[in-house]
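Asker: Input: one structure, supplied below.
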Amino acid sequence: MKESDQTNPTIRITDSEENAFMELLSYMYSGKLTTAEPTRLLDILMAADKFEVLSCMRHCSQLLISLPMTTESALLYIDHPCSVSMVNEVRPLIDASKEFLANKYKDFYEFKSELMNISLAGIEAIFSSTDIQVETEDDVYYFMLDWARARYVELEERRKILSSRLLPLVRFSHMTCMTLQEILASTDNDIDREQVTHRIAEALLPKAYPKQLEGALAAEVTTCSRFAERAYEYKPVKLVAFDQPCPQIIVYLDLTRDECSQLFPSGRICPHPFRLLGWGFYLMATCEMDEQSKLCSFGLWLGVAKNMKGSSCFMVDYEFAARKRSSGKFVRKLEGKISTTDETHGCSDLFGIPWSTFIANDNLFINGVLHLRADLRVLLGQPKLQA
């Protein structure tokens with residue numbers, strides 16, 4: 001430390017630092033500490049940081065990692081004002097604290113109200129995790145807005161925190177199209193319009209032109225956490241929408257073999273809902289047992305969720321298709337009509353084969369992924385009914 005070269009060094013400490021400093025001196029001569037109490041160890045760690053005693057910093061970090069951790073202690077450790085040059089000495093402690101918080105608050109909805117009282121550093125640690133369980137990424141975005149509004153009263157400070165610390169945690173590439181459209185059309189002063197538009201464009205570019213991505217950008221999309229998919233309850237889908245010659249939306253749903261296996265014997269997967277002419281629709285993949293044969297099979301359903309106020313009722317032609325490895329093309333499996341006054345239409349045995357045959361079918365699972373497509377077209381020339 002800087003005092004090492006002084007013949008008669010003068011060291012100034014506050015009264016609150018005295019006990020920690022004496023422990024530090026003892027450690028420098030004996031290599032041991034006389035306490036294992038977390039608060040005192042943190043004080044000694046801060047003293048060791050101040051006087052650049054690296055071995056003591058490492059020792060305190062190891063002791064703190066070995067002790068039971070709480071939310072309060074984890075937040076103290078990640079908020080510890082360590083010198084930039086010394087941060088590597090406490091990195092294992094900071095990483096362990098972040099991992100503890102991410103694991104404890106994995107269930108977003110169980111701890112949502114408690115999360116409102118977590119510090120900024122804690123929020124960053126929790127929402128940097130891919131393992132957090134949320135229905136959709138939309139909920140993460142709206143939580144960030146609510147948290148910032150509750151913690152930062154001044155608009156400029158709130159905008160700064162959202163832009164630099166919170167919105168970078170949101171994985172825009174996995175948000176629903178409906179919410180992305182609402183964000184782009186929003187006039188909310190809390191967010192930086194230019195930055196959010198850029199992030200949304202950045203998120204959608206790989207989806208629109210996956211084959212055109214090359215070099216560094218392609219590598220970043222593959223490895224960067226902001227593109228990684230979390231443990232969503234509602235699975236993201238890809239959409240292509242047309243206005244002419246008739247309103248139409250094509251939905252692409254990819255399910256891994258592991259995801260399908262988890263459906264057995266009576267599970268379901270609900271992807272993101274989507275909107276057509278103001279009405280909400282959704283797909284649902286299921287595993288269902290036939291009452292007579294007692295055999296399970298793969299089912300796919302189309303449902304009507306809700307409508308925007310004032311939207312007219314209409315009929316929709318729909319088609320379900322699956323891609324085959326043999327041809328590389330989507331093959332139609334089911335077609336029908338559904339009205340916005342209906343609830344669900346579909347089929348409990350989309351492929352006409354038992355579950356065991358379906359799950360082992362490599363012609364359907366291309367490199368371990370089942371590629372499904374739902375094509376919805378609004379029937380023209382219908383009388384308009386007010387909903």
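How things are named: the first chain in the structure tokens is A, the next is B, and so on; residues count from 1 in each chain; ligands count from 1 in the order shown.
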With a distance cut-off of 7 Å and only C-alpha atoms, select the neighbouring residues of stretch 342-356 of chain A, excluding the residue or stretch itself and same-chain residues fewer than 2 positions from it, and output the selection as a ChimeraX atom specification.

Answerer: /A:288,295-304,333,338-340,358-360

Asker: For stretch 182-192 of chain A, work out the shell of residues within 8 Å, counting only C-alpha atoms and skipping chain neighbours fewer than 6 positions away, then give it as a short mmCIF file (atom, residue, chain, number, x, y, z; two decimals) with all heavy atoms, in the first residue's frame.

Answerer:
data_model
loop_
_atom_site.label_atom_id
_atom_site.label_comp_id
_atom_site.auth_asym_id
_atom_site.auth_seq_id
_atom_site.Cartn_x
_atom_site.Cartn_y
_atom_site.Cartn_z
N LEU A 145 -40.52 -0.80 -15.41
CA LEU A 145 -41.16 0.52 -15.38
C LEU A 145 -41.75 0.80 -14.00
O LEU A 145 -41.56 1.90 -13.44
CB LEU A 145 -42.25 0.61 -16.44
CG LEU A 145 -41.82 0.58 -17.91
CD1 LEU A 145 -43.05 0.73 -18.81
CD2 LEU A 145 -40.82 1.68 -18.21
N LEU A 155 -38.04 12.67 -12.97
CA LEU A 155 -38.16 12.09 -14.30
C LEU A 155 -36.80 11.84 -14.95
O LEU A 155 -36.56 10.75 -15.50
CB LEU A 155 -39.00 13.01 -15.20
CG LEU A 155 -39.13 12.56 -16.67
CD1 LEU A 155 -39.81 11.20 -16.76
CD2 LEU A 155 -39.91 13.60 -17.47
N ARG A 158 -35.01 8.95 -13.37
CA ARG A 158 -35.71 7.71 -13.71
C ARG A 158 -35.39 7.28 -15.15
O ARG A 158 -35.13 6.10 -15.41
CB ARG A 158 -37.21 7.90 -13.53
CG ARG A 158 -38.03 6.65 -13.74
CD ARG A 158 -39.43 6.79 -13.18
NE ARG A 158 -40.23 7.81 -13.85
CZ ARG A 158 -40.64 8.93 -13.28
NH1 ARG A 158 -40.31 9.20 -12.02
NH2 ARG A 158 -41.38 9.80 -13.94
N ARG A 159 -35.42 8.21 -16.07
CA ARG A 159 -35.09 7.91 -17.47
C ARG A 159 -33.66 7.38 -17.59
O ARG A 159 -33.38 6.45 -18.35
CB ARG A 159 -35.27 9.16 -18.34
CG ARG A 159 -36.70 9.46 -18.72
CD ARG A 159 -36.79 10.82 -19.41
NE ARG A 159 -35.99 10.87 -20.62
CZ ARG A 159 -36.42 10.58 -21.84
NH1 ARG A 159 -37.67 10.20 -22.02
NH2 ARG A 159 -35.63 10.67 -22.89
N LEU A 162 -33.47 3.79 -16.17
CA LEU A 162 -34.12 2.86 -17.09
C LEU A 162 -33.25 2.61 -18.32
O LEU A 162 -33.05 1.47 -18.75
CB LEU A 162 -35.48 3.41 -17.52
CG LEU A 162 -36.64 3.18 -16.54
CD1 LEU A 162 -37.83 4.05 -16.88
CD2 LEU A 162 -37.06 1.71 -16.53
N SER A 163 -32.70 3.66 -18.88
CA SER A 163 -31.92 3.55 -20.11
C SER A 163 -30.60 2.81 -19.91
O SER A 163 -30.22 1.96 -20.73
CB SER A 163 -31.64 4.94 -20.69
OG SER A 163 -32.83 5.57 -21.07
#

Asker: Please identify which residues in stretch 113-350 of chain A DSSP calls alpha helix (DSSP H) from the backbone, and express them as a PyMOL selection string.

Answerer: chain A and resi 113-115+120-127+137-151+155-161+177-185+193-208+215-223+257-261

Asker: Pick out the residues sitting within 10 Å of A:Pro92, and hand them over as a list in words; count only C-alpha atoms, and ignore anything fewer than 5 positions along from it in its own chain.

Answerer: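 Everything that qualifies: Arg58, Ser61, Gln62, Ile65, Val87, Ser97 and Lys98 of chain A.
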
Asker: Would you mind listing what lies within 9 Å of stretch 373-382 of chain A as an MDAnalysis selection string, with only C-alpha atoms counted and same-chain residues fewer than 5 positions away left out?

Answerer: chainID A and resid 246:254 276:277 283 302 314:323 330 332

Asker: Taking only C-alpha atoms into account, which of A:Leu93, A:Glu135, A:His174, A:Leu166 comes nearest A:Arg149?

Answerer: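 Closest to A:Arg149 of all the choices is A:Leu166.
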
Asker: Using atom CA of A:Thr179 and atom CA of A:His371 as the two end points, give the distance in Å to one decimal.

Answerer: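 Between atom CA of A:Thr179 and atom CA of A:His371 the gap is 24.3 Å.
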
Asker: Hey, what's within 10 Å of A:Leu169 if we count only C-alpha atoms and toss same-chain stuff fewer than 5 positions away? As JSON, numbers by chain, please?

Answerer: {"A": [123, 124, 125, 126, 127, 128, 129, 140, 141, 144, 162, 164, 225, 226]}

Asker: Can I get the selected residues back with N, CA and C atoms, as a CSV table (one decimal), in the first residue's frame?

Answerer:
chain,number,residue,atom,x,y,z
A,123,ILE,N,-31.7,-6.0,-8.3
A,123,ILE,CA,-32.6,-6.2,-9.5
A,123,ILE,C,-31.8,-6.6,-10.7
A,124,GLU,N,-30.6,-6.0,-10.8
A,124,GLU,CA,-29.7,-6.3,-12.0
A,124,GLU,C,-29.3,-7.8,-11.8
A,125,ALA,N,-28.9,-8.2,-10.6
A,125,ALA,CA,-28.5,-9.6,-10.4
A,125,ALA,C,-29.6,-10.6,-10.7
A,126,ILE,N,-30.8,-10.3,-10.3
A,126,ILE,CA,-31.9,-11.2,-10.4
A,126,ILE,C,-32.4,-11.3,-11.9
A,127,PHE,N,-32.5,-10.2,-12.6
A,127,PHE,CA,-33.0,-10.2,-13.9
A,127,PHE,C,-32.0,-10.4,-15.0
A,128,SER,N,-30.7,-10.5,-14.6
A,128,SER,CA,-29.7,-11.0,-15.5
A,128,SER,C,-29.7,-12.5,-15.7
A,129,SER,N,-30.4,-13.2,-14.8
A,129,SER,CA,-30.5,-14.6,-14.9
A,129,SER,C,-31.5,-15.1,-16.0
A,140,VAL,N,-41.5,-8.7,-17.5
A,140,VAL,CA,-40.2,-8.1,-17.1
A,140,VAL,C,-40.2,-6.6,-17.4
A,141,TYR,N,-40.5,-6.3,-18.7
A,141,TYR,CA,-40.5,-4.9,-19.1
A,141,TYR,C,-41.4,-4.0,-18.2
A,144,MET,N,-40.0,-3.5,-14.7
A,144,MET,CA,-38.9,-2.5,-14.7
A,144,MET,C,-39.5,-1.1,-14.7
A,162,LEU,N,-33.5,3.8,-16.2
A,162,LEU,CA,-34.1,2.9,-17.1
A,162,LEU,C,-33.2,2.6,-18.3
A,164,SER,N,-29.9,3.1,-18.8
A,164,SER,CA,-28.6,2.6,-18.6
A,164,SER,C,-28.5,1.3,-17.8
A,225,SER,N,-26.5,-12.8,-23.5
A,225,SER,CA,-27.6,-13.1,-22.6
A,225,SER,C,-28.9,-12.4,-23.0
A,226,ARG,N,-28.8,-11.2,-23.6
A,226,ARG,CA,-30.0,-10.4,-23.9
A,226,ARG,C,-30.8,-11.1,-25.0

Asker: To one decimal in Å, tell me the separation between atom CA of A:Met178 and atom CA of A:Leu120.

Answerer: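 If I compute the distance from atom CA of A:Met178 to atom CA of A:Leu120, I get 28.3 Å.
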
Asker: May I have all residues of stretch 64-302 of chain A that DSSP, computed from the backbone, assigns to strand (DSSP E), given as a PyMOL selection string?

Answerer: chain A and resi 133-134+231-232+234-235+238-242+248-256+268-271+274-276+279-289+296-302

Asker: Hey, can you check how far atom CA of A:Lys32 sits from atom CA of A:Ala96?

Answerer: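 So the two atoms, atom CA of A:Lys32 and atom CA of A:Ala96, lie 23.1 Å apart.
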